[in-house]
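*Asks:* If you scroll down you'll find the structure; I have some questions about it.
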Amino acid sequence: MGRRLGAGVAVLWAAATAAYLALLLAPGDTVDILVGDGPDTPEIRARIVAEWGLDRPEVVQYLSYLWRLLHGDLGRSYQLQRGVGEILATQAGPTAQLTLAAAGTGVALAGIIAVVTAGRGRWSRGAASAAELVSVSVPPFLIGILLLSVFSFTLGWFPVSGAEGPRALVLPALALGLPIAGVLGQVLRGGLERALEQPFAVTARARGLTERSLVVRHALRHALIPAVTLAGWLTGALLGGAVITEVLFGRPGLGQVAMQAVTGRDMPVVMAVVLLSAVVYVTISTLLDLAYRAIDPRIRG
């Protein structure tokens with residue numbers, strides 16, 4: 001666990017350093033970059049110089065930047081005239097809601113399909129594999145457009161845009177969750193079929209255990225390690241997919257913030273989003289390490 005925490009700290013430091021280097025290497029004056037498309041006055045410029053220590057040596061500027069991050073100071077958006085931490089805090093909730101809903105949808109669908117089709121006939125496995133291939137091959141934004149066309153524009157079952165109520169979450173979660181279900185379902189079914197060929201499965205069948213009970217009670221645990229690894233990576237990757245999905249469905253969230261910050265050249269916000277993505281990655285990696293130990297006690301040793 002100590003090595004895991006050390007690696008997490010190294011990832012966060014690398015992300016913070018990369019964001020800072022992107023600011024320094026961007027063409028143009030650093031003050032002009034930080035001002036972006038926001039109001040430009042001598043007072044604002046003086047404030048930027050003081051906040052970022054631009055009148056001091058570059059090493060001191062870098063160390064001051066890291067020191068502010070350690071104290072939770074993400075800087076200020078001079079376009080929105082608000083603290084970056086405040087901006088992210090107000091938009092993190094909708095993105096977390098969408099990400100968790102999409103991850104839960106993908107994992108649930110993958111588990112159901114894998115358990116139902118593992119070890120079954122060629123036709124059922126072939127149909128499941130074809131559906132998984134389609135869900136993986138089609139980009140989430142195109143899935144979202146198809147879902148909107150059918151269930152919002154044609155049938156009117158779900159709202160077209162917004163984030164009011166659970167119904168507004170269904171289609172975005174499906175758009176992000178179906179590709180996860182496709183990838184995860186293939187891995188989980190493969191792990192289940194390999195587990196069903198192990199000696200413990202033969203022994204369980206000899207004791208009269210039904211095939212469904214064997215899959216759910218015994219084989220599933222053996223197949224979970226690679227599936228959990230992939231699920232954690234995909235959950236982290238959902239942040240990237242949330243950018244387009246939130247714009248497509250007109251939802252508030254970090255995706256909208258990131259898109260507006262990039263198009264508006266709001267570098268403090270862009271840097272904070274990069275750092276937040278690294279924090280999410282480290283958090284998920286740590287939770288996966290704990291999940292491994294819970295799934296397979298042999299890892300604890």
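Note on naming: chains are A, B, ... as they come in the structure tokens, residues start from 1 per chain, ligands start from 1 in the order shown.
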For region 61-100 of chain A against region 173-178 of chain A, with a cut-off of 12 Å and counting only C-alpha atoms, what is the closest atom pair and its distance in Å to one decimal for every residue that makes the cut, ordered by chain and number, as a tab-separated table?

*Replies:*
```
residue	atom	partner	partner_atom	distance
A:Pro94	CA	A:Ala173	CA	11.8
A:Thr95	CA	A:Ala173	CA	10.8
A:Ala96	CA	A:Ala173	CA	11.3
A:Gln97	CA	A:Ala173	CA	9.3
A:Leu98	CA	A:Ala173	CA	6.1
A:Thr99	CA	A:Ala173	CA	7.5
A:Leu100	CA	A:Ala173	CA	8.5
```

*Asks:* Those same residues, written as an mmCIF file, in the first residue's frame with all heavy atoms?

*Replies:*
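selection38.cif, freshly written:
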```
data_model
loop_
_atom_site.group_PDB
_atom_site.id
_atom_site.type_symbol
_atom_site.label_atom_id
_atom_site.label_comp_id
_atom_site.auth_asym_id
_atom_site.auth_seq_id
_atom_site.Cartn_x
_atom_site.Cartn_y
_atom_site.Cartn_z
ATOM 1 N N PRO A 94 -22.854 17.145 -11.025
ATOM 2 C CA PRO A 94 -23.501 16.534 -12.198
ATOM 3 C C PRO A 94 -22.604 15.568 -12.965
ATOM 4 O O PRO A 94 -23.069 14.531 -13.442
ATOM 5 C CB PRO A 94 -23.859 17.760 -13.059
ATOM 6 C CG PRO A 94 -23.973 18.886 -12.097
ATOM 7 C CD PRO A 94 -22.943 18.614 -11.041
ATOM 8 N N THR A 95 -21.302 15.884 -13.058
ATOM 9 C CA THR A 95 -20.392 14.983 -13.764
ATOM 10 C C THR A 95 -20.196 13.680 -12.991
ATOM 11 O O THR A 95 -20.170 12.598 -13.578
ATOM 12 C CB THR A 95 -19.037 15.666 -13.994
ATOM 13 O OG1 THR A 95 -19.226 16.808 -14.825
ATOM 14 C CG2 THR A 95 -18.058 14.720 -14.674
ATOM 15 N N ALA A 96 -20.047 13.785 -11.668
ATOM 16 C CA ALA A 96 -19.912 12.573 -10.856
ATOM 17 C C ALA A 96 -21.168 11.720 -10.952
ATOM 18 O O ALA A 96 -21.099 10.478 -11.041
ATOM 19 C CB ALA A 96 -19.636 12.955 -9.401
ATOM 20 N N GLN A 97 -22.326 12.358 -10.951
ATOM 21 C CA GLN A 97 -23.587 11.632 -11.080
ATOM 22 C C GLN A 97 -23.648 10.885 -12.407
ATOM 23 O O GLN A 97 -24.009 9.697 -12.459
ATOM 24 C CB GLN A 97 -24.744 12.614 -10.970
ATOM 25 C CG GLN A 97 -26.125 11.980 -10.996
ATOM 26 C CD GLN A 97 -27.226 13.028 -10.986
ATOM 27 O OE1 GLN A 97 -27.220 13.952 -11.805
ATOM 28 N NE2 GLN A 97 -28.155 12.909 -10.053
ATOM 29 N N LEU A 98 -23.292 11.566 -13.494
ATOM 30 C CA LEU A 98 -23.318 10.938 -14.812
ATOM 31 C C LEU A 98 -22.294 9.811 -14.912
ATOM 32 O O LEU A 98 -22.591 8.728 -15.429
ATOM 33 C CB LEU A 98 -23.047 11.994 -15.885
ATOM 34 C CG LEU A 98 -22.888 11.483 -17.323
ATOM 35 C CD1 LEU A 98 -24.127 10.741 -17.778
ATOM 36 C CD2 LEU A 98 -22.558 12.631 -18.269
ATOM 37 N N THR A 99 -21.088 10.049 -14.404
ATOM 38 C CA THR A 99 -20.030 9.045 -14.488
ATOM 39 C C THR A 99 -20.387 7.788 -13.710
ATOM 40 O O THR A 99 -20.217 6.663 -14.197
ATOM 41 C CB THR A 99 -18.708 9.627 -13.970
ATOM 42 O OG1 THR A 99 -18.372 10.792 -14.721
ATOM 43 C CG2 THR A 99 -17.585 8.613 -14.093
ATOM 44 N N LEU A 100 -20.881 7.957 -12.494
ATOM 45 C CA LEU A 100 -21.248 6.802 -11.678
ATOM 46 C C LEU A 100 -22.425 6.047 -12.296
ATOM 47 O O LEU A 100 -22.454 4.803 -12.284
ATOM 48 C CB LEU A 100 -21.588 7.249 -10.260
ATOM 49 C CG LEU A 100 -20.416 7.775 -9.426
ATOM 50 C CD1 LEU A 100 -20.900 8.305 -8.085
ATOM 51 C CD2 LEU A 100 -19.369 6.685 -9.230
#
```

*Asks:* For Ala242 (chain A), list every protein, DNA or RNA residue within 12 Å, evaluated using only C-alpha atoms, and leave out those in the same chain fewer than 3 positions away; present the list as a PyMOL selection string.

*Replies:* chain A and resi 92+94-103+140-141+144+172-177+235-239+245-259+277

*Asks:* Please identify all polymer residues within 12 Å of Gln260 (chain A), counting only C-alpha atoms, omitting same-chain residues fewer than 5 positions from it, and present them as a PyMOL selection string.

*Replies:* chain A and resi 37+77+79-80+243-244+247+252-255+265-267+269-270+273

*Asks:* Report, in Å to a single decimal, how far apart CA of Trp67 (chain A) and CA of Ser285 (chain A) are.

*Replies:* 24.7 Å

*Asks:* Could you jot down the CA of Ala19 (chain A) to CA of Met271 (chain A) separation for me, Å, one decimal place?

*Replies:* 5.3 Å
